[in-house]
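S.K.: One structure, pasted below without further comment.
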Amino acid sequence: MLFNANPNKGGNINIGLMGGTFDPIHMGHLVTAEEARQQFDLDYVVFVPAGIPPHKDEKSISLPEHRYLMTSLAVMSNPSFFVSRIEIDQNEPTYTIDTVRHFSCGKEPGPEVFFITGADAILEIFTWKDYEELLRLCTFIAVSRPGYSLDQFYESLDRSCPDMRHRVHLLEIPALAVSSTFIRERVTLGKTIKYLTPEPVEQYIKKHGLYRSSAW
Ligand code: ATP
Ligand code: MG
């Protein structure tokens, strides 16, 4: 994936990465990515659907191709949003560090990489592969509903990786309770999912009969 340098920033670019299962992608993901784009001056946000997520039961997840296509449909209308196949084209679970290494390109100066993730997930960063290198390579945007605090997390961070606080920022997103699980449940129950996900994604789910049975 090649991105044009931003002439307004001396050729540097800021890339936001948003990892997830995206089964399916929904308005919560999109609103979050757009807010992060604006607040952190990101030139691009790349959605990275997971291949075989290490923490979820493989059988219960839609095929990577479905998740990739739904994500592509969802980002179509935003010129700053893209989708990467980097993780779904791997046959084995991939780690955040591999994806971040890929996008930071090992170039000097390389693109500035921002990894967007749930604030809950960031609490577990100390269990992630090569987390010290991760904190050196990218800045984390930890998203949460308003009122969440990272104070305790910062204390742990100070103990494990001193001087890394600037690498983790909290981004408050006005309460958006929608989740992929909520959408799948509604489809299984025959309830409407209009406005919870972009219309092309809704149509895709219908066309391919996704989530109709509760086997997910
Ligand atoms: P599931 O219900 O299957 O767990 P999900 O809605 O949590 O799905 P994921 O694909 O697991 O979606 O999440 C991708 C990323 O988006 C994660 O970092 C997660 O914290 C974040 N995220 C999920 N839902 C929201 C939301 N409503 N608002 C902001 N961020 C969200
Ligand atoms: Mg989730």
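Convention: chains lettered A, B, ... in structure tokens order; per-chain residue numbering from 1; ligands numbered from 1 as shown.
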Please, which residues have at least one atom within 8 Å of an atom of ligand 1, using only C-alpha atoms and all ligand atoms, listed as a CSV table (one decimal) with C-alpha atoms, in the first residue's frame?
M.R.:
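Wrote pocket36.csv, looks like this:
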chain,number,residue,atom,x,y,z
A,18,MET,CA,-7.4,0.5,13.1
A,19,GLY,CA,-7.2,-3.2,13.8
A,20,GLY,CA,-10.3,-5.4,14.5
A,21,THR,CA,-12.3,-8.4,13.4
A,22,PHE,CA,-14.8,-6.1,11.7
A,23,ASP,CA,-17.5,-8.8,11.7
A,24,PRO,CA,-19.2,-6.6,10.6
A,25,ILE,CA,-17.7,-3.1,10.6
A,26,HIS,CA,-20.2,-0.6,12.1
A,27,MET,CA,-20.8,3.1,12.8
A,28,GLY,CA,-18.8,2.9,16.1
A,29,HIS,CA,-15.6,2.0,14.2
A,31,VAL,CA,-17.0,7.5,13.9
A,32,THR,CA,-14.0,6.6,16.0
A,49,PRO,CA,-9.2,-6.7,9.4
A,116,ILE,CA,-6.3,3.1,17.2
A,117,THR,CA,-7.6,0.7,19.8
A,118,GLY,CA,-10.2,0.3,22.6
A,119,ALA,CA,-9.0,1.7,25.9
A,120,ASP,CA,-9.8,-1.7,27.5
A,121,ALA,CA,-7.4,-3.4,25.1
A,143,VAL,CA,-10.6,5.2,22.5
A,144,SER,CA,-13.3,5.1,25.2
A,145,ARG,CA,-16.6,6.6,26.1
A,173,ILE,CA,-15.9,9.1,21.8
A,175,ALA,CA,-21.3,7.1,23.8
A,176,LEU,CA,-21.8,4.8,20.9
A,177,ALA,CA,-22.9,1.5,22.4
A,178,VAL,CA,-23.0,-0.3,19.0
A,179,SER,CA,-20.8,-3.4,18.7
A,180,SER,CA,-20.4,-6.1,16.0
A,181,THR,CA,-21.9,-8.6,18.5
A,182,PHE,CA,-25.0,-6.4,18.8
S.K.: Looking only at alpha helix (DSSP H) from DSSP on the backbone, list the matching residues of stretch 8-215 of chain A as JSON, numbers by chain.
M.R.: {"A": [27, 28, 29, 30, 31, 32, 33, 34, 35, 36, 37, 38, 39, 64, 65, 66, 67, 68, 69, 70, 71, 72, 73, 74, 75, 96, 97, 98, 99, 100, 101, 102, 103, 104, 119, 120, 121, 122, 131, 132, 133, 134, 135, 136, 137, 151, 152, 153, 154, 155, 156, 157, 158, 159, 160, 180, 181, 182, 183, 184, 185, 186, 187, 188, 199, 200, 201, 202, 203, 204, 205, 206, 207]}
S.K.: Using the chain letters and numbers from this document, which residues of stretch 54-198 of chain A does DSSP assign to strand (DSSP E or B), as a list in words?
M.R.: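 Of stretch 54-198 of chain A, only Phe81, Phe82, Val83, Glu112, Val113, Phe114, Phe115, Ile116, Thr117, Gly118, Cys138, Thr139, Phe140, Ile141, Ala142, Val143, Ser144, Val168, His169, Leu170, Leu171, Glu172, Lys194 and Thr197 of chain A fall in strand (DSSP E or B).
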S.K.: Quick one: residues within 12 Å of A:Pro200, only C-alpha atoms counted, chain neighbours fewer than 6 positions away excluded, as a PDB file with all heavy atoms, in the first residue's frame?
M.R.:
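And here's around_2.pdb as it stands now:
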ATOM      1  N   PRO A  24     -19.573  -7.485  11.693  1.00  0.00           N
ATOM      2  CA  PRO A  24     -19.159  -6.576  10.624  1.00  0.00           C
ATOM      3  C   PRO A  24     -18.636  -5.254  11.187  1.00  0.00           C
ATOM      4  O   PRO A  24     -18.771  -4.971  12.377  1.00  0.00           O
ATOM      5  CB  PRO A  24     -20.487  -6.308   9.902  1.00  0.00           C
ATOM      6  CG  PRO A  24     -21.479  -6.257  11.039  1.00  0.00           C
ATOM      7  CD  PRO A  24     -20.992  -7.269  12.041  1.00  0.00           C
ATOM      8  N   ILE A  25     -18.080  -4.441  10.273  1.00  0.00           N
ATOM      9  CA  ILE A  25     -17.718  -3.058  10.620  1.00  0.00           C
ATOM     10  C   ILE A  25     -19.010  -2.294  10.909  1.00  0.00           C
ATOM     11  O   ILE A  25     -20.063  -2.630  10.349  1.00  0.00           O
ATOM     12  CB  ILE A  25     -16.910  -2.410   9.472  1.00  0.00           C
ATOM     13  CG1 ILE A  25     -16.361  -1.051   9.894  1.00  0.00           C
ATOM     14  CG2 ILE A  25     -17.735  -2.330   8.183  1.00  0.00           C
ATOM     15  CD1 ILE A  25     -15.267  -0.523   8.962  1.00  0.00           C
ATOM     16  N   HIS A  26     -18.940  -1.304  11.795  1.00  0.00           N
ATOM     17  CA  HIS A  26     -20.162  -0.560  12.139  1.00  0.00           C
ATOM     18  C   HIS A  26     -19.856   0.908  12.377  1.00  0.00           C
ATOM     19  O   HIS A  26     -18.686   1.333  12.309  1.00  0.00           O
ATOM     20  CB  HIS A  26     -20.850  -1.198  13.357  1.00  0.00           C
ATOM     21  CG  HIS A  26     -19.955  -1.377  14.548  1.00  0.00           C
ATOM     22  ND1 HIS A  26     -19.465  -0.316  15.283  1.00  0.00           N
ATOM     23  CD2 HIS A  26     -19.448  -2.500  15.130  1.00  0.00           C
ATOM     24  CE1 HIS A  26     -18.724  -0.773  16.268  1.00  0.00           C
ATOM     25  NE2 HIS A  26     -18.672  -2.096  16.194  1.00  0.00           N
ATOM     26  N   LEU A  69     -14.401  -7.373   2.427  1.00  0.00           N
ATOM     27  CA  LEU A  69     -15.282  -6.678   1.475  1.00  0.00           C
ATOM     28  C   LEU A  69     -16.246  -5.738   2.195  1.00  0.00           C
ATOM     29  O   LEU A  69     -16.495  -4.625   1.735  1.00  0.00           O
ATOM     30  CB  LEU A  69     -16.050  -7.701   0.627  1.00  0.00           C
ATOM     31  CG  LEU A  69     -15.165  -8.400  -0.422  1.00  0.00           C
ATOM     32  CD1 LEU A  69     -15.914  -9.541  -1.095  1.00  0.00           C
ATOM     33  CD2 LEU A  69     -14.686  -7.400  -1.480  1.00  0.00           C
ATOM     34  N   MET A  70     -16.776  -6.172   3.328  1.00  0.00           N
ATOM     35  CA  MET A  70     -17.685  -5.282   4.071  1.00  0.00           C
ATOM     36  C   MET A  70     -16.942  -4.024   4.523  1.00  0.00           C
ATOM     37  O   MET A  70     -17.479  -2.916   4.457  1.00  0.00           O
ATOM     38  CB  MET A  70     -18.279  -6.009   5.287  1.00  0.00           C
ATOM     39  CG  MET A  70     -19.329  -7.045   4.905  1.00  0.00           C
ATOM     40  SD  MET A  70     -20.225  -7.675   6.350  1.00  0.00           S
ATOM     41  CE  MET A  70     -19.019  -8.755   7.096  1.00  0.00           C
ATOM     42  N   THR A  71     -15.700  -4.201   4.955  1.00  0.00           N
ATOM     43  CA  THR A  71     -14.915  -3.052   5.412  1.00  0.00           C
ATOM     44  C   THR A  71     -14.637  -2.116   4.234  1.00  0.00           C
ATOM     45  O   THR A  71     -14.739  -0.891   4.351  1.00  0.00           O
ATOM     46  CB  THR A  71     -13.609  -3.532   6.087  1.00  0.00           C
ATOM     47  OG1 THR A  71     -13.947  -4.513   7.074  1.00  0.00           O
ATOM     48  CG2 THR A  71     -12.877  -2.395   6.774  1.00  0.00           C
ATOM     49  N   SER A  72     -14.341  -2.709   3.077  1.00  0.00           N
ATOM     50  CA  SER A  72     -14.088  -1.889   1.882  1.00  0.00           C
ATOM     51  C   SER A  72     -15.330  -1.098   1.501  1.00  0.00           C
ATOM     52  O   SER A  72     -15.250   0.087   1.160  1.00  0.00           O
ATOM     53  CB  SER A  72     -13.671  -2.769   0.694  1.00  0.00           C
ATOM     54  OG  SER A  72     -12.511  -3.480   1.019  1.00  0.00           O
ATOM     55  N   LEU A  73     -16.489  -1.740   1.556  1.00  0.00           N
ATOM     56  CA  LEU A  73     -17.735  -1.030   1.229  1.00  0.00           C
ATOM     57  C   LEU A  73     -17.952   0.134   2.192  1.00  0.00           C
ATOM     58  O   LEU A  73     -18.371   1.220   1.800  1.00  0.00           O
ATOM     59  CB  LEU A  73     -18.928  -1.989   1.327  1.00  0.00           C
ATOM     60  CG  LEU A  73     -19.044  -3.068   0.243  1.00  0.00           C
ATOM     61  CD1 LEU A  73     -20.141  -4.068   0.608  1.00  0.00           C
ATOM     62  CD2 LEU A  73     -19.339  -2.429  -1.118  1.00  0.00           C
ATOM     63  N   ALA A  74     -17.641  -0.102   3.463  1.00  0.00           N
ATOM     64  CA  ALA A  74     -17.914   0.912   4.492  1.00  0.00           C
ATOM     65  C   ALA A  74     -17.038   2.148   4.339  1.00  0.00           C
ATOM     66  O   ALA A  74     -17.454   3.237   4.709  1.00  0.00           O
ATOM     67  CB  ALA A  74     -17.718   0.309   5.887  1.00  0.00           C
ATOM     68  N   VAL A  75     -15.819   1.982   3.809  1.00  0.00           N
ATOM     69  CA  VAL A  75     -14.897   3.131   3.765  1.00  0.00           C
ATOM     70  C   VAL A  75     -14.908   3.855   2.415  1.00  0.00           C
ATOM     71  O   VAL A  75     -14.243   4.873   2.244  1.00  0.00           O
ATOM     72  CB  VAL A  75     -13.430   2.714   4.088  1.00  0.00           C
ATOM     73  CG1 VAL A  75     -13.371   2.002   5.431  1.00  0.00           C
ATOM     74  CG2 VAL A  75     -12.829   1.853   2.989  1.00  0.00           C
ATOM     75  N   MET A  76     -15.697   3.295   1.476  1.00  0.00           N
ATOM     76  CA  MET A  76     -15.712   3.796   0.097  1.00  0.00           C
ATOM     77  C   MET A  76     -15.853   5.318  -0.007  1.00  0.00           C
ATOM     78  O   MET A  76     -15.199   5.960  -0.812  1.00  0.00           O
ATOM     79  CB  MET A  76     -16.897   3.163  -0.623  1.00  0.00           C
ATOM     80  CG  MET A  76     -16.561   2.508  -1.907  1.00  0.00           C
ATOM     81  SD  MET A  76     -17.982   1.594  -2.561  1.00  0.00           S
ATOM     82  CE  MET A  76     -19.376   2.078  -1.614  1.00  0.00           C
ATOM     83  N   SER A  77     -16.741   5.885   0.812  1.00  0.00           N
ATOM     84  CA  SER A  77     -17.067   7.296   0.617  1.00  0.00           C
ATOM     85  C   SER A  77     -16.105   8.240   1.350  1.00  0.00           C
ATOM     86  O   SER A  77     -16.268   9.449   1.278  1.00  0.00           O
ATOM     87  CB  SER A  77     -18.497   7.551   1.104  1.00  0.00           C
ATOM     88  OG  SER A  77     -18.568   7.221   2.472  1.00  0.00           O
ATOM     89  N   ILE A 193     -31.029  -3.495  11.168  1.00  0.00           N
ATOM     90  CA  ILE A 193     -29.704  -2.961  11.531  1.00  0.00           C
ATOM     91  C   ILE A 193     -29.446  -1.644  10.783  1.00  0.00           C
ATOM     92  O   ILE A 193     -28.316  -1.181  10.706  1.00  0.00           O
ATOM     93  CB  ILE A 193     -28.565  -3.978  11.244  1.00  0.00           C
ATOM     94  CG1 ILE A 193     -28.575  -4.437   9.781  1.00  0.00           C
ATOM     95  CG2 ILE A 193     -28.661  -5.159  12.193  1.00  0.00           C
ATOM     96  CD1 ILE A 193     -27.280  -5.155   9.388  1.00  0.00           C
ATOM     97  N   LYS A 194     -30.518  -1.104  10.217  1.00  0.00           N
ATOM     98  CA  LYS A 194     -30.399   0.158   9.490  1.00  0.00           C
ATOM     99  C   LYS A 194     -29.793   1.222  10.392  1.00  0.00           C
ATOM    100  O   LYS A 194     -30.159   1.322  11.559  1.00  0.00           O
ATOM    101  CB  LYS A 194     -31.800   0.588   9.039  1.00  0.00           C
ATOM    102  CG  LYS A 194     -31.812   1.304   7.724  1.00  0.00           C
ATOM    103  CD  LYS A 194     -33.206   1.613   7.263  1.00  0.00           C
ATOM    104  CE  LYS A 194     -33.600   0.913   5.993  1.00  0.00           C
ATOM    105  NZ  LYS A 194     -32.617   0.891   4.935  1.00  0.00           N
ATOM    106  N   LYS A 206     -27.252  -8.966   3.900  1.00  0.00           N
ATOM    107  CA  LYS A 206     -28.491  -9.582   3.401  1.00  0.00           C
ATOM    108  C   LYS A 206     -28.197 -10.523   2.241  1.00  0.00           C
ATOM    109  O   LYS A 206     -28.616 -11.674   2.216  1.00  0.00           O
ATOM    110  CB  LYS A 206     -29.431  -8.476   2.907  1.00  0.00           C
ATOM    111  CG  LYS A 206     -30.689  -8.356   3.741  1.00  0.00           C
ATOM    112  CD  LYS A 206     -31.645  -7.353   3.133  1.00  0.00           C
ATOM    113  CE  LYS A 206     -32.154  -6.460   4.252  1.00  0.00           C
ATOM    114  NZ  LYS A 206     -32.507  -5.134   3.832  1.00  0.00           N
ATOM    115  N   LYS A 207     -27.449 -10.016   1.270  1.00  0.00           N
ATOM    116  CA  LYS A 207     -27.170 -10.764   0.044  1.00  0.00           C
ATOM    117  C   LYS A 207     -26.487 -12.102   0.344  1.00  0.00           C
ATOM    118  O   LYS A 207     -26.769 -13.111  -0.279  1.00  0.00           O
ATOM    119  CB  LYS A 207     -26.290  -9.912  -0.875  1.00  0.00           C
ATOM    120  CG  LYS A 207     -25.845 -10.623  -2.142  1.00  0.00           C
ATOM    121  CD  LYS A 207     -25.201  -9.655  -3.103  1.00  0.00           C
ATOM    122  CE  LYS A 207     -24.609 -10.399  -4.289  1.00  0.00           C
ATOM    123  NZ  LYS A 207     -24.041  -9.472  -5.276  1.00  0.00           N
TER     124      LYS A 207
END
S.K.: For the atom pair atom CA of A:Asn14 and atom CA of A:Val113, what is the interatomic distance in Å to one decimal place?
M.R.: 6.0 Å
S.K.: Which one is closest to A:Pro198: A:Leu30, A:Ile122, A:Ala36, A:Leu210? Count only C-alpha atoms.
M.R.: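 Distance minimum relative to A:Pro198 lands on A:Leu30.
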S.K.: Please provide the set of residues having any atom within 9 Å of stretch 97-105 of chain A, restricted to only C-alpha atoms, with same-chain residues fewer than 3 positions apart removed, written as a PyMOL selection string.
M.R.: chain A and resi 1+15+17+48+86-87+94+108+110-115+128-131+133-134+137-138
S.K.: Any chance you can output those residues with C-alpha atoms as a PDB file, in the first residue's frame?
M.R.:
ATOM      1  CA  MET A   1       0.000   0.000   0.000  1.00  0.00           C
ATOM      2  CA  ILE A  15      -1.061   7.025   9.256  1.00  0.00           C
ATOM      3  CA  LEU A  17      -4.191   1.997  11.834  1.00  0.00           C
ATOM      4  CA  VAL A  48      -6.777  -3.770   9.079  1.00  0.00           C
ATOM      5  CA  ILE A  86      -1.928  -7.492   5.273  1.00  0.00           C
ATOM      6  CA  GLU A  87      -3.404  -9.597   8.068  1.00  0.00           C
ATOM      7  CA  THR A  94      -0.503 -11.975  13.085  1.00  0.00           C
ATOM      8  CA  GLU A 108      13.976   7.368   8.137  1.00  0.00           C
ATOM      9  CA  GLY A 110       9.145   6.917   7.996  1.00  0.00           C
ATOM     10  CA  PRO A 111       5.457   7.594   8.274  1.00  0.00           C
ATOM     11  CA  GLU A 112       4.303   8.410  11.798  1.00  0.00           C
ATOM     12  CA  VAL A 113       2.081   5.502  12.801  1.00  0.00           C
ATOM     13  CA  PHE A 114      -0.869   5.820  15.200  1.00  0.00           C
ATOM     14  CA  PHE A 115      -2.590   2.658  16.358  1.00  0.00           C
ATOM     15  CA  TRP A 128       1.458  -8.027  23.644  1.00  0.00           C
ATOM     16  CA  LYS A 129       4.367  -9.316  21.609  1.00  0.00           C
ATOM     17  CA  ASP A 130       7.349  -6.929  21.664  1.00  0.00           C
ATOM     18  CA  TYR A 131       5.361  -4.209  23.409  1.00  0.00           C
ATOM     19  CA  GLU A 133       9.318  -1.951  20.495  1.00  0.00           C
ATOM     20  CA  LEU A 134       5.651  -1.214  19.740  1.00  0.00           C
ATOM     21  CA  LEU A 137       7.405   2.551  16.801  1.00  0.00           C
ATOM     22  CA  CYS A 138       3.927   3.989  17.176  1.00  0.00           C
TER      23      CYS A 138
END
S.K.: Show me a table, sorted first by chain and then by increasing residue number, of the residues of stretch 76-139 of chain A having an atom at most 8 Å from stretch 165-169 of chain A, each with its shortest atom pair and the distance in Å to one decimal, counting only C-alpha atoms and written as JSON lines.
M.R.:
{"residue": "A:Leu135", "atom": "CA", "partner": "A:Arg167", "partner_atom": "CA", "distance": 6.2}
{"residue": "A:Arg136", "atom": "CA", "partner": "A:Arg167", "partner_atom": "CA", "distance": 7.9}
{"residue": "A:Cys138", "atom": "CA", "partner": "A:Arg167", "partner_atom": "CA", "distance": 7.0}
{"residue": "A:Thr139", "atom": "CA", "partner": "A:Arg167", "partner_atom": "CA", "distance": 4.5}
